[in-house]
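S.K.: Next comes input-v6.cif, mmCIF, C-alpha atoms:
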data_query
loop_
_atom_site.label_atom_id
_atom_site.label_comp_id
_atom_site.auth_asym_id
_atom_site.auth_seq_id
_atom_site.Cartn_x
_atom_site.Cartn_y
_atom_site.Cartn_z
CA ALA J 876 81.74 65.82 27.94
CA ALA J 877 79.92 68.15 25.53
CA THR J 878 79.02 70.53 28.36
CA ASP J 879 80.42 74.05 28.46
CA LEU J 880 82.37 73.95 31.75
CA THR J 881 81.87 77.64 32.56
CA PRO J 882 80.77 77.77 36.23
CA ALA J 883 77.11 78.62 36.75
CA ALA J 884 76.39 82.10 38.05
CA ALA J 885 73.97 80.78 40.71
CA ASP J 886 72.83 77.58 42.38
CA ALA J 887 69.80 75.83 40.93
CA PRO J 888 66.78 75.99 43.29
CA PRO J 889 67.34 72.59 45.03
CA ALA J 890 71.04 73.28 45.65
CA ALA J 891 70.25 76.83 46.78
CA ARG J 892 67.70 75.64 49.37
CA MET J 893 70.11 73.04 50.75
CA ARG J 894 72.95 75.55 51.04
CA GLU J 895 70.66 78.10 52.72
CA ALA J 896 69.67 75.43 55.26
CA GLY J 897 73.29 74.87 56.20
CA ALA J 898 73.98 71.69 54.23
CA VAL J 899 77.64 70.90 53.59
CA VAL J 900 77.94 70.32 49.85
CA LEU J 901 80.42 67.52 49.18
CA GLY J 902 80.20 67.57 45.39
CA LYS J 903 78.26 66.71 42.28
CA THR J 904 77.42 63.10 41.45
CA THR J 905 77.51 61.58 37.98
CA MET J 906 74.62 61.19 35.58
CA PRO J 907 74.46 60.11 31.93
CA ASP J 908 74.49 62.78 29.22
CA TYR J 909 71.33 64.92 29.35
CA GLY J 910 69.87 62.53 31.94
CA MET J 911 68.51 60.37 29.15
CA LEU J 912 69.61 56.91 30.31
CA SER J 913 68.71 54.71 33.27
CA SER J 914 72.39 53.89 33.55
CA GLY J 915 75.67 54.84 35.18
CA LEU J 916 77.36 55.44 31.82
CA SER J 917 78.61 58.96 31.12
CA SER J 918 80.88 60.62 28.58
CA PHE J 919 82.35 62.82 31.35
CA HIS J 920 82.95 60.27 34.15
CA ALA J 921 82.91 57.03 32.24
CA LEU J 922 81.16 54.62 34.60
CA THR J 923 79.36 54.53 37.94
CA ARG J 924 78.94 51.05 39.46
CA ASN J 925 76.41 49.59 41.87
CA PRO J 926 77.86 49.25 45.41
CA TRP J 927 75.90 46.03 46.00
CA ASP J 928 77.68 44.33 43.10
CA LEU J 929 80.38 46.20 41.18
CA SER J 930 79.58 44.23 38.03
CA LYS J 931 76.08 45.75 38.05
CA ASN J 932 74.58 49.08 37.04
CA PRO J 933 73.29 51.53 39.67
CA GLY J 934 70.56 52.73 37.33
CA GLY J 935 69.93 56.32 36.39
CA SER J 936 69.77 58.94 35.39
CA SER J 937 70.58 59.90 39.00
CA ALA J 938 73.24 57.20 38.95
CA GLY J 939 75.87 58.83 41.12
CA ALA J 940 73.34 59.89 43.75
CA GLY J 941 71.95 56.36 44.04
CA ALA J 942 75.38 54.76 44.27
CA ALA J 943 76.70 57.38 46.70
CA ALA J 944 73.73 56.95 49.05
CA ALA J 945 74.11 53.16 49.11
CA ALA J 946 77.88 53.39 49.55
CA GLY J 947 77.63 55.94 52.36
CA TYR J 948 79.46 58.82 50.66
CA GLY J 949 77.01 61.18 52.38
CA PRO J 950 73.53 61.03 53.93
CA LEU J 951 71.56 63.34 51.63
CA HIS J 952 71.46 63.35 47.83
CA ILE J 953 69.42 65.07 45.12
CA GLY J 954 68.37 63.55 41.82
CA THR J 955 66.02 64.49 38.99
CA ASP J 956 63.28 62.35 37.47
CA ILE J 957 61.30 62.63 34.21
CA GLY J 958 60.53 58.95 33.70
CA GLY J 959 61.96 57.18 36.74
CA SER J 960 65.38 58.73 37.23
CA VAL J 961 65.31 58.91 41.03
CA ARG J 962 63.17 55.79 41.58
CA LEU J 963 65.12 53.43 39.30
CA PRO J 964 68.53 53.99 40.92
CA ALA J 965 66.83 53.96 44.33
CA ALA J 966 65.33 50.55 43.53
CA TRP J 967 68.54 49.09 42.15
CA CYS J 968 70.70 50.55 44.94
CA GLY J 969 68.32 49.69 47.80
CA ILE J 970 67.72 53.27 48.99
CA ALA J 971 64.64 55.47 49.51
CA THR J 972 63.39 58.33 47.36
CA LEU J 973 60.36 60.43 46.50
CA LYS J 974 59.48 61.73 43.06
CA PRO J 975 57.18 64.51 44.25
CA SER J 976 54.14 66.03 42.62
CA LEU J 977 55.20 68.20 39.70
CA GLY J 978 56.09 71.64 41.05
CA ARG J 979 56.41 70.59 44.69
CA ILE J 980 60.19 71.15 44.51
CA PRO J 981 61.00 74.21 42.38
CA ILE J 982 63.50 73.60 39.56
CA ASP J 983 64.96 75.77 36.81
CA PRO J 984 64.10 75.39 34.01
CA PRO J 985 60.88 73.44 34.62
CA PHE J 986 59.58 70.98 32.03
CA MET J 987 56.58 68.66 31.75
CA GLY J 988 57.04 65.70 34.08
CA ARG J 989 60.53 66.63 35.34
CA CYS J 990 61.01 66.73 39.12
CA ALA J 991 63.86 66.92 41.58
CA GLY J 992 63.72 64.52 44.51
CA PRO J 993 65.60 63.49 47.67
CA MET J 994 67.62 60.26 47.59
CA THR J 995 68.57 58.88 51.00
CA ARG J 996 68.98 55.63 52.91
CA ASP J 997 65.59 55.93 54.60
CA ILE J 998 62.29 57.76 54.29
CA ALA J 999 62.84 59.93 57.39
CA ASP J 1000 65.86 61.58 55.76
CA ALA J 1001 63.91 62.05 52.52
CA ALA J 1002 61.13 63.77 54.50
CA LEU J 1003 63.72 65.96 56.23
CA MET J 1004 64.97 67.09 52.83
CA MET J 1005 61.45 67.76 51.53
CA GLY J 1006 60.97 70.42 54.20
CA VAL J 1007 63.89 72.30 52.66
CA LEU J 1008 63.60 71.48 48.96
CA SER J 1009 59.91 72.43 48.78
CA GLN J 1010 60.55 76.05 49.78
CA PRO J 1011 59.52 78.55 47.07
CA ASP J 1012 61.65 79.81 44.21
CA ALA J 1013 60.27 82.28 41.67
CA ARG J 1014 62.41 80.84 38.88
CA ASP J 1015 60.03 77.87 38.54
CA HIS J 1016 56.93 79.17 36.76
CA MET J 1017 55.29 75.72 37.12
CA SER J 1018 55.83 75.40 40.87
CA LEU J 1019 53.06 74.70 43.37
CA PRO J 1020 52.19 77.14 46.16
CA CYS J 1021 54.47 76.39 49.09
CA GLN J 1022 52.61 74.54 51.86
CA ASP J 1023 53.82 74.29 55.43
CA PHE J 1024 53.56 70.53 55.84
CA ASP J 1025 54.81 68.81 58.96
CA TRP J 1026 57.13 66.69 56.85
CA LEU J 1027 58.57 64.81 59.81
CA ASN J 1028 55.15 63.67 61.06
CA LEU J 1029 55.31 60.29 59.35
CA ASP J 1030 53.01 58.22 61.55
CA ILE J 1031 50.02 56.61 59.81
CA ASP J 1032 47.62 53.76 60.45
CA VAL J 1033 47.21 51.85 57.19
CA ARG J 1034 43.99 50.15 58.34
CA GLY J 1035 41.22 50.83 55.87
CA LEU J 1036 43.45 52.34 53.19
CA ARG J 1037 42.37 51.39 49.68
CA ILE J 1038 45.51 50.11 47.99
CA GLY J 1039 45.79 49.03 44.37
CA LEU J 1040 48.30 46.33 43.48
CA GLN J 1041 49.72 46.63 39.98
CA LEU J 1042 51.90 43.75 38.78
CA ASP J 1043 51.59 44.26 35.01
CA ALA J 1044 52.84 47.49 33.42
CA GLY J 1045 51.01 46.76 30.18
CA CYS J 1046 54.11 47.57 28.14
CA GLY J 1047 57.82 47.02 28.00
CA LEU J 1048 59.83 44.20 29.53
CA PRO J 1049 58.20 41.27 31.36
CA LEU J 1050 58.28 41.26 35.15
CA ASP J 1051 61.08 39.27 36.79
CA PRO J 1052 59.57 36.51 38.99
CA GLU J 1053 61.72 37.47 41.99
CA ILE J 1054 60.44 41.06 41.79
CA ARG J 1055 56.85 39.86 41.50
CA ALA J 1056 57.26 37.67 44.59
CA ALA J 1057 58.77 40.52 46.63
CA VAL J 1058 56.02 43.01 45.71
CA GLU J 1059 53.29 40.43 46.36
CA ALA J 1060 54.82 39.75 49.77
CA ALA J 1061 54.77 43.48 50.53
CA ALA J 1062 51.10 43.66 49.55
CA ARG J 1063 50.27 40.77 51.88
CA LEU J 1064 51.92 42.58 54.79
CA PHE J 1065 49.87 45.71 54.07
CA GLU J 1066 46.77 43.51 53.96
CA SER J 1067 47.72 41.91 57.28
CA ALA J 1068 48.02 45.41 58.75
CA GLY J 1069 44.43 46.17 57.74
CA ALA J 1070 44.73 47.78 54.31
CA ILE J 1071 42.26 46.80 51.59
CA VAL J 1072 44.42 45.54 48.71
CA THR J 1073 42.84 45.13 45.28
CA PRO J 1074 44.52 43.99 42.04
CA LEU J 1075 44.86 46.80 39.50
CA LYS J 1076 44.83 46.06 35.78
CA PRO J 1077 47.41 47.74 33.53
CA TRP J 1078 46.45 50.91 31.70
CA MET J 1079 49.61 51.65 29.75
CA THR J 1080 50.05 50.26 26.23
CA PRO J 1081 53.15 49.81 24.05
CA GLU J 1082 51.85 52.61 21.81
CA MET J 1083 51.67 55.04 24.74
CA LEU J 1084 55.20 54.23 25.91
CA ASP J 1085 56.62 54.46 22.40
CA GLY J 1086 54.85 57.77 21.81
CA VAL J 1087 56.47 59.39 24.84
CA ASP J 1088 59.82 57.89 23.82
CA ARG J 1089 59.51 59.38 20.32
CA PHE J 1090 58.58 62.80 21.74
CA TRP J 1091 61.68 62.78 23.96
CA ARG J 1092 63.88 61.68 21.05
CA THR J 1093 62.64 64.62 18.97
CA ARG J 1094 63.23 67.10 21.78
CA SER J 1095 66.74 65.71 22.33
CA ALA J 1096 67.49 65.80 18.60
CA ILE J 1097 66.70 69.52 18.63
CA ASP J 1098 68.94 70.08 21.66
CA LEU J 1099 71.83 68.19 20.06
CA GLY J 1100 71.30 69.92 16.74
CA ALA J 1101 71.92 73.29 18.40
CA LEU J 1102 75.45 72.25 19.43
CA PRO J 1103 78.56 72.89 17.35
CA GLN J 1104 79.75 69.71 15.64
CA ALA J 1105 82.88 69.44 17.81
CA ARG J 1106 80.81 69.37 21.00
CA ARG J 1107 78.16 67.07 19.53
CA ASP J 1108 80.89 64.54 18.71
CA LYS J 1109 81.70 64.22 22.44
CA ILE J 1110 78.25 62.96 23.43
CA LEU J 1111 77.93 59.36 24.56
CA PRO J 1112 77.39 57.46 21.26
CA PHE J 1113 74.38 55.51 22.56
CA ILE J 1114 72.55 58.70 23.60
CA ARG J 1115 73.49 60.45 20.37
CA ALA J 1116 72.09 57.56 18.32
CA TRP J 1117 68.91 57.55 20.41
CA ALA J 1118 68.39 61.31 20.08
CA GLU J 1119 69.24 61.61 16.40
CA SER J 1120 66.66 58.93 15.59
CA GLY J 1121 64.04 61.51 16.59
CA GLY J 1122 65.10 64.14 14.08
CA GLY J 1123 63.33 64.99 10.83
CA GLN J 1124 59.82 64.20 12.10
CA SER J 1125 56.79 65.81 10.47
CA GLY J 1126 54.65 68.17 12.50
CA GLU J 1127 51.86 65.61 12.49
CA ALA J 1128 54.19 62.88 13.78
CA VAL J 1129 55.47 65.10 16.59
CA PHE J 1130 51.92 66.01 17.57
CA ARG J 1131 50.91 62.34 17.71
CA SER J 1132 53.88 61.63 19.98
CA TYR J 1133 52.99 64.58 22.20
CA TYR J 1134 49.39 63.42 22.35
CA GLU J 1135 50.53 60.14 23.91
CA THR J 1136 52.04 62.06 26.84
CA LEU J 1137 48.60 63.53 27.49
CA ASN J 1138 47.00 60.13 27.00
CA VAL J 1139 49.34 58.64 29.63
CA ARG J 1140 48.31 61.39 32.01
CA ALA J 1141 44.58 60.89 31.52
CA LYS J 1142 44.72 57.10 31.73
CA THR J 1143 46.93 57.13 34.85
CA VAL J 1144 44.69 59.51 36.77
CA ALA J 1145 41.59 57.50 35.83
CA ALA J 1146 43.12 54.12 36.68
CA THR J 1147 44.43 55.17 40.09
CA ALA J 1148 41.50 57.35 41.17
CA PRO J 1149 39.63 54.53 43.05
CA PHE J 1150 42.60 54.00 45.37
CA ASP J 1151 44.34 55.95 48.11
CA TYR J 1152 47.71 54.49 47.06
CA VAL J 1153 49.07 52.08 44.49
CA LEU J 1154 51.81 49.49 45.06
CA SER J 1155 53.88 48.20 42.15
CA PRO J 1156 57.40 47.26 41.19
CA VAL J 1157 59.66 50.19 40.36
CA ALA J 1158 61.17 48.30 37.44
CA PRO J 1159 60.48 44.94 35.78
CA VAL J 1160 64.14 43.89 36.12
CA VAL J 1161 66.88 44.11 38.73
CA ALA J 1162 70.27 45.78 38.31
CA TYR J 1163 71.87 44.82 35.01
CA ASN J 1164 75.39 44.89 33.51
CA ALA J 1165 77.43 47.89 34.65
CA GLU J 1166 78.72 48.64 31.16
CA TRP J 1167 75.30 48.66 29.50
CA ALA J 1168 73.36 51.80 28.59
CA ALA J 1169 69.97 50.21 29.37
CA PRO J 1170 68.58 46.85 30.54
CA THR J 1171 68.34 45.70 26.90
CA ASN J 1172 71.40 47.72 25.76
CA GLU J 1173 69.54 48.45 22.52
CA VAL J 1174 68.62 51.92 21.22
CA ALA J 1175 65.24 50.74 19.93
CA THR J 1176 64.16 49.52 23.38
CA THR J 1177 65.94 52.08 25.56
CA MET J 1178 62.76 52.94 27.50
CA HIS J 1179 61.18 49.50 27.81
CA HIS J 1180 61.83 49.33 31.58
CA ILE J 1181 59.96 52.50 32.63
CA GLY J 1182 56.37 51.30 32.24
CA TYR J 1183 55.77 51.42 36.00
CA THR J 1184 57.48 54.76 36.68
CA LEU J 1185 56.76 56.96 33.64
CA PRO J 1186 52.97 57.23 34.19
CA TYR J 1187 53.39 59.18 37.42
CA ASN J 1188 55.64 61.76 35.79
CA MET J 1189 53.06 62.48 33.11
CA SER J 1190 50.18 62.49 35.63
CA GLU J 1191 52.16 64.68 38.07
CA GLN J 1192 51.43 62.29 40.97
CA PRO J 1193 53.94 61.60 43.77
CA ALA J 1194 55.64 58.20 43.83
CA ALA J 1195 58.24 56.80 46.22
CA SER J 1196 60.68 53.93 45.92
CA VAL J 1197 61.67 51.98 49.02
CA ASN J 1198 63.48 48.68 49.27
CA CYS J 1199 61.27 45.60 49.65
CA GLY J 1200 63.67 42.68 49.47
CA TYR J 1201 66.59 41.09 47.66
CA THR J 1202 67.13 38.60 44.88
CA ARG J 1203 68.84 35.28 45.56
CA ALA J 1204 72.01 36.97 44.29
CA GLY J 1205 71.65 39.73 46.90
CA LEU J 1206 70.49 42.58 44.62
CA PRO J 1207 67.92 45.06 46.03
CA ILE J 1208 64.30 45.12 44.81
CA GLY J 1209 62.33 48.37 44.85
CA LEU J 1210 58.68 48.82 45.83
CA GLN J 1211 56.93 51.82 44.26
CA ILE J 1212 54.24 53.56 46.34
CA ALA J 1213 52.21 56.13 44.41
CA GLY J 1214 49.47 58.46 45.59
CA ALA J 1215 47.06 61.11 44.37
CA ARG J 1216 48.44 64.39 43.06
CA PHE J 1217 49.58 66.70 45.90
CA ASP J 1218 49.56 63.87 48.49
CA ASP J 1219 53.35 63.85 48.82
CA LEU J 1220 53.26 63.61 52.60
CA GLY J 1221 50.80 60.72 52.46
CA VAL J 1222 53.09 58.79 50.13
CA LEU J 1223 56.01 59.35 52.49
CA ARG J 1224 53.89 58.16 55.42
CA VAL J 1225 52.88 54.93 53.68
CA ALA J 1226 56.51 54.39 52.66
CA ARG J 1227 57.58 54.88 56.27
CA ALA J 1228 54.88 52.43 57.39
CA TRP J 1229 56.35 49.92 54.96
CA GLU J 1230 59.85 50.44 56.39
CA ARG J 1231 58.46 49.59 59.82
CA MET J 1232 56.66 46.41 58.73
CA ARG J 1233 59.17 44.98 56.23
CA PRO J 1234 61.61 42.20 57.17
CA ALA J 1235 65.04 43.13 58.45
CA GLN J 1236 67.30 44.66 55.82
CA GLN J 1237 70.70 43.38 54.81
CA PRO J 1238 73.76 45.40 55.94
CA TRP J 1239 74.80 48.20 53.60
CA PRO J 1240 77.55 47.26 51.14
CA GLN J 1241 81.15 47.83 52.21
CA PRO J 1242 84.13 48.87 50.03
CA PRO J 1243 85.89 45.94 48.42
CA ARG J 1244 89.01 44.81 50.20
CA ALA J 1245 92.33 45.66 48.61
CA VAL J 1246 94.21 42.65 47.25
#
Taking this structure as input, can you express it in the form of structure tokens?

M.R.:
Amino acid sequence: AATDLTPAAADAPPAARMREAGAVVLGKTTMPDYGMLSSGLSSFHALTRNPWDLSKNPGGSSAGAGAAAAAGYGPLHIGTDIGGSVRLPAAWCGIATLKPSLGRIPIDPPFMGRCAGPMTRDIADAALMMGVLSQPDARDHMSLPCQDFDWLNLDIDVRGLRIGLQLDAGCGLPLDPEIRAAVEAAARLFESAGAIVTPLKPWMTPEMLDGVDRFWRTRSAIDLGALPQARRDKILPFIRAWAESGGGQSGEAVFRSYYETLNVRAKTVAATAPFDYVLSPVAPVVAYNAEWAAPTNEVATTMHHIGYTLPYNMSEQPAASVNCGYTRAGLPIGLQIAGARFDDLGVLRVARAWERMRPAQQPWPQPPRAV
């Protein structure tokens, strides 16, 4: 609600590529203020709900895209991700997504760890979008050289692949037993198909997660501080409280927080280097209350559910989310598949292999009947 509603003079790079390719743009989907919640709450459009259970949250920050894909509003959706914001709603809404290597999809303005990504009902549609979204745009000074991948060539034999299985994030919320069981079952199917699956110990620590959180709070406090008071007052109160807690930091404190982002990067690359791909949960919990701002609904622990997703933003590695089962209550469970930096196509191929070997999926949710 604090946004200046003057129309933009030009499409952002992802929207521009889609329009150039002939996509029919149906509209914009909702996200929380500044993209800084894994929730469907927003000060502009108050609440986005999860189509699988309208009492539950779709996740975020790409909340509207996740809900719209699951509900069938359209086949192709775009989200952005700096700590899990395409993978979390994908996991909680039962859809497929790819957070690409940093710079694979040009964005404007670019920022450390922030990526745009396709959000669709299956990996084939995500791959179709990657062929368009990865086209060059000079506005992104951090973009990768455009490579002419055969994005739709998704066949792969997983025999012999070295796959790490990570079931402990090392920080944040504990893993829900139903999620653990679903991810372990997925790993067994990969093993049955000939992959070499090895347990992977956690490398994140609470100090690393909190450091990145503090750095983001400080950056957001600066952004909010630049707004006139009348506009600042319109920001979602939860996000405003989170951001303002990062103000007034000393230079040394800010540097220590920034250092943890680099520490996450170094530790993630080192931990995953022995493997071709890594399997893990996307989140430690399933979809939570629709009206909550975060799984704990507390400002102090706003980021305690991103221990599995955040590392791959800081390390710039590609990571997909694809559905791997359901809770007893019928809520989707996401499987994260991460790969080495620049191996975006490989991650999509392994995700597609999983779609082919997983058990039959439940029907997509239907609109509630009028009463």

S.K.: For the structure shown, which residues end up in the PyMOL selection byres ((chain J and resi 1126-1137) around 7)? Put them as a list in words, please?

M.R.: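 This file, filtered by the PyMOL selection byres ((chain J and resi 1126-1137) around 7), leaves Met1083, Gly1086, Val1087, Arg1089, Phe1090, Gln1124, Ser1125, Asn1138, Val1139, Arg1140, Ala1141 and Met1189 of chain J.
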
S.K.: Just the selected residues (C-alpha atoms), exported as a JSON list (two decimals), keeping the file's coordinate frame, please.

M.R.:
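Result file part_11.json:
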[["chain", "number", "residue", "atom", "x", "y", "z"],
["J", 1083, "MET", "CA", 51.67, 55.04, 24.74],
["J", 1086, "GLY", "CA", 54.85, 57.77, 21.81],
["J", 1087, "VAL", "CA", 56.47, 59.39, 24.84],
["J", 1089, "ARG", "CA", 59.51, 59.38, 20.32],
["J", 1090, "PHE", "CA", 58.58, 62.80, 21.74],
["J", 1124, "GLN", "CA", 59.82, 64.20, 12.10],
["J", 1125, "SER", "CA", 56.79, 65.81, 10.47],
["J", 1138, "ASN", "CA", 47.00, 60.13, 27.00],
["J", 1139, "VAL", "CA", 49.34, 58.64, 29.63],
["J", 1140, "ARG", "CA", 48.31, 61.39, 32.01],
["J", 1141, "ALA", "CA", 44.58, 60.89, 31.52],
["J", 1189, "MET", "CA", 53.06, 62.48, 33.11]]

S.K.: Between CA of Ala921 (chain J) and CA of Ile1110 (chain J), what is the distance in Å, rounded to a tenth?

M.R.: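 Computing the Euclidean distance for CA of Ala921 (chain J) and CA of Ile1110 (chain J) yields 11.6 Å.
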
S.K.: Show me, as an NGL selection string, the residues that have an atom within 7 Å of Ser1095 (chain J) when counting all atoms listed in the file, minus same-chain residues fewer than 4 positions from it.

M.R.: :J and (1091 or 1099 or 1118)

S.K.: If the PyMOL selection byres ((chain J and resi 1122) around 8) were run on this exact file, what residues would it hold? Put them as a ChimeraX atom specification.

M.R.: /J:1092-1093,1096-1097,1118-1121,1123-1124

S.K.: Distance CA of Ile982 (chain J)-CA of Arg1014 (chain J), one decimal place?

M.R.: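 CA of Arg1014 (chain J) lies 7.4 Å from CA of Ile982 (chain J).
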
S.K.: One decimal, Å: what's the distance from CA of Leu912 (chain J) over to CA of Ile1114 (chain J), could you say?

M.R.: 7.5 Å

S.K.: Mind checking which residues fall within 12 Å of Pro985 (chain J), counting only C-alpha atoms, ignoring those fewer than 6 positions away in the same chain, and posting them as a ChimeraX atom specification?

M.R.: /J:887-888,955-957,977-979,991,1012-1019

S.K.: Would you mind telling me which residue in J:Val1160, J:Ala890, J:Leu916, J:Ala1146 lies nearest to Pro1112 (chain J) when using only C-alpha atoms?

M.R.: J:Leu916

S.K.: Which residues fall under the PyMOL selection byres ((chain J and resi 893) around 12) in this file, as a list in words?

M.R.: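 For this structure, the PyMOL selection byres ((chain J and resi 893) around 12) captures Asp886, Ala887, Pro888, Pro889, Ala890, Ala891, Arg892, Arg894, Glu895, Ala896, Gly897, Ala898, Val899, Val900, Leu901, Leu951, His952, Ile953, Ile980, Pro993, Leu1003, Met1004, Met1005, Gly1006, Val1007, Leu1008, Ser1009 and Gln1010 of chain J.
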
S.K.: Can you tell me, as AutoDock Vina command-line options, the centre and edge lengths (Å, one decimal) of the axis-aligned box enclosing all of region 1132-1135 of chain J's listed atoms after padding each side by 3 Å?

M.R.:
--center_x 51.6 --center_y 62.4 --center_z 21.9 --size_x 10.5 --size_y 10.4 --size_z 9.9

S.K.: Out of J:Met911, J:Ala1165, J:Leu1036, J:Ile1054, which residue has the shortest atom-to-atom distance to Gly958 (chain J) when counting all atoms listed in the file?

M.R.: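 Of J:Met911, J:Ala1165, J:Leu1036, J:Ile1054, the one nearest Gly958 (chain J) is J:Met911, counting all atoms listed in the file.
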
S.K.: Counting all atoms listed in the file, figure out which residue out of J:Cys1021, J:Ala1162, J:Leu973, J:Ala1002 gets nearest to Pro926 (chain J).

M.R.: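 For Pro926 (chain J), the nearest of the candidates is J:Ala1162.
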
S.K.: Around the point (68.4, 35.6, 41.6) (coordinates from the file), which residues reach within 12 Å if we count all atoms listed in the file? Answer as an MDAnalysis selection string.

M.R.: chainID J and resid 1051:1054 1056:1057 1160:1163 1200:1208

S.K.: My list of candidates is J:Thr1184, J:Gln1022, J:Thr972, J:Ser914. Which is closest to Ala1001 (chain J) when distances are computed with only C-alpha atoms?

M.R.: J:Thr972

S.K.: Which is closer to Ala1060 (chain J) than all the others in J:Phe919, J:Trp1229, J:Trp1239, J:Trp1078, using all atoms listed in the file?

M.R.: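 For Ala1060 (chain J), the nearest of the candidates is J:Trp1229.
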
S.K.: Looking at all atoms listed in the file, which of J:Val1197, J:Ala1215, J:Leu1040, J:Ala1168 is the one that sits closest to Thr1143 (chain J)?

M.R.: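 The shortest atom-to-atom distance to Thr1143 (chain J) comes from J:Ala1215.
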
S.K.: Give me, as a list in words, all polymer residues having an atom no more than 10 Å from Arg1233 (chain J), counting all atoms listed in the file and skipping those fewer than 6 positions away in the same chain.

M.R.: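 Close residues of Arg1233 (chain J): Ala1060, Ala1061, Leu1064, Phe1065, Asn1198, Cys1199 and Gly1200 of chain J.
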
S.K.: Near region 944-950 of chain J, counting all atoms listed in the file, which residues have an atom at most 7 Å away, once you skip same-chain residues fewer than 2 positions from it, shown as a PDB file with C-alpha atoms, in the frame of the given file?

M.R.:
ATOM      1  CA  PRO J 926      77.860  49.250  45.410  1.00  0.00           C
ATOM      2  CA  ALA J 940      73.340  59.890  43.750  1.00  0.00           C
ATOM      3  CA  GLY J 941      71.950  56.360  44.040  1.00  0.00           C
ATOM      4  CA  ALA J 942      75.380  54.760  44.270  1.00  0.00           C
ATOM      5  CA  HIS J 952      71.460  63.350  47.830  1.00  0.00           C
ATOM      6  CA  CYS J 968      70.700  50.550  44.940  1.00  0.00           C
ATOM      7  CA  GLY J 969      68.320  49.690  47.800  1.00  0.00           C
ATOM      8  CA  ILE J 970      67.720  53.270  48.990  1.00  0.00           C
ATOM      9  CA  THR J 995      68.570  58.880  51.000  1.00  0.00           C
ATOM     10  CA  ARG J 996      68.980  55.630  52.910  1.00  0.00           C
ATOM     11  CA  TRP J1239      74.800  48.200  53.600  1.00  0.00           C
ATOM     12  CA  PRO J1240      77.550  47.260  51.140  1.00  0.00           C
ATOM     13  CA  GLN J1241      81.150  47.830  52.210  1.00  0.00           C
TER      14      GLN J1241
END

S.K.: List as number ranges by chain the protein and nucleic acid residues near Leu1154 (chain J), meaning an atom at most 8 Å away when all atoms listed in the file are counted, but skip any in the same chain fewer than 3 places from it.

M.R.: J: 1038-1041, 1058, 1062, 1210-1213

S.K.: Could you please take those selected residues and save C-alpha atoms as a PDB file, keeping the file's coordinate frame?

M.R.:
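As written to disk, result-v5.pdb reads:
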ATOM      1  CA  ILE J1038      45.510  50.110  47.990  1.00  0.00           C
ATOM      2  CA  GLY J1039      45.790  49.030  44.370  1.00  0.00           C
ATOM      3  CA  LEU J1040      48.300  46.330  43.480  1.00  0.00           C
ATOM      4  CA  GLN J1041      49.720  46.630  39.980  1.00  0.00           C
ATOM      5  CA  VAL J1058      56.020  43.010  45.710  1.00  0.00           C
ATOM      6  CA  ALA J1062      51.100  43.660  49.550  1.00  0.00           C
ATOM      7  CA  LEU J1210      58.680  48.820  45.830  1.00  0.00           C
ATOM      8  CA  GLN J1211      56.930  51.820  44.260  1.00  0.00           C
ATOM      9  CA  ILE J1212      54.240  53.560  46.340  1.00  0.00           C
ATOM     10  CA  ALA J1213      52.210  56.130  44.410  1.00  0.00           C
TER      11      ALA J1213
END
